[in-house]
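Asks: Sharing a structure here in C-alpha cells format.
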Amino acid sequence: MSATTRRMRFHWSLPSTGVADARKGSHPRAEIDPVGDLDRQREFCQHAEELGIDALLLPIGFQRADPTVLATAYGLATSRIKFMTASRPAVISPTHFVQQVNTVSAFTNGRVEINVVSGQGSQELRYYGDFSTHDERYQRTDEFWTICHALWRREFPVNYQGKFISVEGARVNQRYVGPDSHRPYVYIGGSSDTARELAIKHADCLLRLAEPPDELAPKIEPALAAGIEVGIIVNQISAPTHDEAVALAQWLADNAGERGKATQAEWRAATADSVGFSSIYRMAEDRAHWLTPYLWTGLVPYMGPPSISLVGSVEEIEEAIFEYRRIGVTQFLFQARQDSSTLDLFGSTILPRIRRREEREPLVLAGASEGS
C-alpha cells in the first residue's frame with residue numbers, strides 16, 4: 001500500500017442568527033430567530049471562505065432554519081467552501097434525502113457534506129414524531145445509511161426491508177455531482193461505542209466532543225485502524241497572549257451568568273440520553289476546569305458541552321492542534337463565543353502557521369480508505 005500525506009481540515013459551525021456571539025448557548029432556544037439576519041450569515045460564509053476554512057457546519061434543530069436550504073443559498077453565494085449539513089435520519093426518508101443532497105450538489109459542484117446526528121436527546125425529536133430510544137435511533141441510522149449508500153452506488157432498484165425503514169424499487173434519477181466522488185463526504189457524530197461502530201461502517205469521519213488527548217486516543221483507535229478519519233468538536237477561545245485568552249474565557253462565563261446556568265439545566269435534562277453530552281457535563285463537575293494546559297470546561301455549566309474549549313495564545317492553540325494530530329485527529333470543527341473575531345484571528349494568524357508547520361512536519365499514512 002503506497003504512502004500518502006494527509007492535510008488537516010478545519011471547519012466552523014455557522015453561528016445562528018439573532019443571537020449575540022458572546023452568549024451563544026446561554027439563550028433559551030425558543031428565543032432564537034433563525035432568519036433574523038441572513039445577510040450576516042452569508043457574509044460570515046464568504047469571509048470564512050476567504051480565510052481558508054474548509055467547511056461550515058449548518059446545524060439542525062427546531063430553532064434553526066433548514067440546513068439543506070441554507071446549503072443551497074450559501075453555496076450559490078460562495079465558490080470554494082463546503083457546507084456540512086446536519087441531518088437526522090428519523091425525520092426524512094432515505095430516498096428523499098439522497099434526492100435533496102444530489103440536487104444541492106448540482107448547484108454547488110459537490111460542495112455539500114453530511115453530518116449525521118442520531119442523538120442529543122429524545123425530547124426535541126418528539127417534535128418531529130420520533131419517539132425511539134437512544135439505541136433504536138442508532139439502529140434506524142444504520143438502516144437509513146445502508147439505503148443511502150446503495151442509492152449513491154445506483155444499485156437500482158434498491159429493495160430493503162428493515163425494522164424501522166423499508167423501501168421497494170427505490171431509485172433517484174438525479175446523480176450526485178462532484179469532482180472526485182459519487183457521493184458526499186459523511187461525518188457521523190457521537191461518543192458512544194455504537195456511534196463509533198456506525199461511523200466505521202458508513203462514514204468517512206467520526207466526530208467526537210473534545211477530551212484530553214491521552215484519554216481520547218484509545219477511544220478513537222478502532223476508527224483509525226478501520227481507515228476512517230477522526231475529528232473533534234471544540235470551542236475556541238484565542239487571543240494574542242495567554243493571559244488575554246484566559247481573561248476572555250472568564251468574561252464569557254461571567255457574562256452568561258445565572259441565565260446561562262438555567263438554560264443549561266433545562267438542556268441537560270432534555271439530552272440526558274446523550275453519551276457525549278453527559279460525559280462532558282460530568283467532566284466539568286467532577287474535575288478541575290483545566291483538563292490540560294489548553295482544554296477548559298469552565299463554560300460548560302453556562303453554555304453546554306459543545307463549549308468545552310481550547311483556550312490560549314496563537315502559539316498555544318497551534319500546539320494544542322498538533323497534540324491532537326499526534327493521536328490521529330485530523331479534522332477540527334470549531335465554534336466560538338465571539339465567532340467573528342475568533343475566526344479572524346484563527347484564519348489570518350493561526351491557520352497560516354499550521355499550514356507552514358504541516359509542510360515541515362507532514363503526516364504520512366500507510367494508506368487511506370474511502371468510506372462505504
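Note on naming: chains are A, B, ... as they come in the C-alpha cells, residues start from 1 per chain, ligands start from 1 in the order shown.
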I want to know what sits within 12 Å of Ser132 of chain A, based on only C-alpha atoms, with residues of the same chain fewer than 2 positions away left out; could you give that as a PyMOL selection string?
Replies: chain A and resi 89-91+118-119+121-126+128-130+134-141+164+273
Asks: Just asking: which residues within segment 33-120 of chain A are strand (DSSP E or B) according to DSSP, as a ChimeraX atom specification?
Replies: /A:55-58,82-87,112-116
Asks: Write to file, as a PDB file, in the first residue's frame, the residues of the selection just made, with C-alpha atoms.
Replies:
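Heads up, here's the output in part-v2.pdb:
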ATOM      1  CA  ALA A  55     -16.334  23.698   5.538  1.00  0.00           C
ATOM      2  CA  LEU A  56     -19.121  25.305   7.520  1.00  0.00           C
ATOM      3  CA  LEU A  57     -21.449  23.240   9.666  1.00  0.00           C
ATOM      4  CA  LEU A  58     -25.121  24.070   9.196  1.00  0.00           C
ATOM      5  CA  LYS A  82     -18.081  23.312   1.557  1.00  0.00           C
ATOM      6  CA  PHE A  83     -21.261  23.079   3.606  1.00  0.00           C
ATOM      7  CA  MET A  84     -21.669  20.325   6.198  1.00  0.00           C
ATOM      8  CA  THR A  85     -25.419  19.915   6.515  1.00  0.00           C
ATOM      9  CA  ALA A  86     -26.632  18.258   9.694  1.00  0.00           C
ATOM     10  CA  SER A  87     -29.250  15.565   9.189  1.00  0.00           C
ATOM     11  CA  VAL A 112     -22.106  19.548   0.282  1.00  0.00           C
ATOM     12  CA  GLU A 113     -21.102  17.198   3.094  1.00  0.00           C
ATOM     13  CA  ILE A 114     -23.283  15.431   5.651  1.00  0.00           C
ATOM     14  CA  ASN A 115     -23.097  15.497   9.437  1.00  0.00           C
ATOM     15  CA  VAL A 116     -25.229  12.617  10.707  1.00  0.00           C
TER      16      VAL A 116
END
Asks: For Thr72 of chain A, work out the shell of residues within 8 Å, counting only C-alpha atoms and skipping chain neighbours fewer than 4 positions away, then give it as a list in words.
Replies: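 In the requested form, the answer reads Thr68, Leu76, Val104, Phe107 and Thr108 of chain A.
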Asks: Those selected residues, please, written with N, CA, C and O atoms and delivered as a CSV table (one decimal), in the first residue's frame.
Replies:
chain,number,residue,atom,x,y,z
A,68,THR,N,-30.5,22.2,4.6
A,68,THR,CA,-30.3,21.9,3.2
A,68,THR,C,-30.7,23.1,2.4
A,68,THR,O,-30.0,23.4,1.4
A,76,LEU,N,-24.5,29.0,-3.4
A,76,LEU,CA,-24.6,29.9,-4.6
A,76,LEU,C,-23.9,31.3,-4.3
A,76,LEU,O,-23.5,32.0,-5.3
A,104,VAL,N,-28.6,19.6,-4.3
A,104,VAL,CA,-27.7,20.6,-3.8
A,104,VAL,C,-26.4,20.5,-4.5
A,104,VAL,O,-25.7,21.5,-4.8
A,107,PHE,N,-26.0,22.3,-7.8
A,107,PHE,CA,-25.9,23.7,-7.7
A,107,PHE,C,-24.6,24.2,-7.2
A,107,PHE,O,-24.2,25.3,-7.5
A,108,THR,N,-23.9,23.3,-6.5
A,108,THR,CA,-22.6,23.7,-5.8
A,108,THR,C,-21.4,23.0,-6.3
A,108,THR,O,-20.3,23.1,-5.7
Asks: For each of A:Glu211, A:Glu244, A:Glu168, A:Asp204, take the minimum atom-to-atom distance to Thr297 of chain A, counting only C-alpha atoms, then give the residue where this is smallest.
Replies: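 Counting only C-alpha atoms, the residue closest to Thr297 of chain A is A:Glu211.
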Asks: Per residue of segment 157-214 of chain A within 10 Å of segment 313-333 of chain A, what are the shortest atom pair and its distance in Å to one decimal, counting only C-alpha atoms, with rows by chain and residue number, as a tab-separated table?
Replies:
residue	atom	partner	partner_atom	distance
A:Cys205	CA	A:Gln331	CA	8.4
A:Leu206	CA	A:Gln331	CA	9.4
A:Leu207	CA	A:Gln331	CA	8.4
A:Arg208	CA	A:Leu333	CA	9.6
A:Leu209	CA	A:Leu333	CA	9.4
A:Ala210	CA	A:Phe332	CA	9.5
A:Glu211	CA	A:Tyr324	CA	9.8
A:Pro212	CA	A:Tyr324	CA	8.7
A:Pro213	CA	A:Tyr324	CA	5.9
A:Asp214	CA	A:Ile327	CA	8.0
Asks: Please produce an output containing C-alpha atoms for each residue in the selection, written as a PDB file, in the first residue's frame.
Replies:
ATOM      1  CA  CYS A 205     -15.034  10.598   9.615  1.00  0.00           C
ATOM      2  CA  LEU A 206     -16.043  10.068  13.241  1.00  0.00           C
ATOM      3  CA  LEU A 207     -16.753  13.328  15.077  1.00  0.00           C
ATOM      4  CA  ARG A 208     -16.474  13.451  18.873  1.00  0.00           C
ATOM      5  CA  LEU A 209     -16.564  16.151  21.501  1.00  0.00           C
ATOM      6  CA  ALA A 210     -13.058  17.074  22.651  1.00  0.00           C
ATOM      7  CA  GLU A 211     -11.386  15.252  25.527  1.00  0.00           C
ATOM      8  CA  PRO A 212      -7.761  15.315  26.734  1.00  0.00           C
ATOM      9  CA  PRO A 213      -5.641  13.655  24.024  1.00  0.00           C
ATOM     10  CA  ASP A 214      -4.342  10.839  26.230  1.00  0.00           C
TER      11      ASP A 214
END
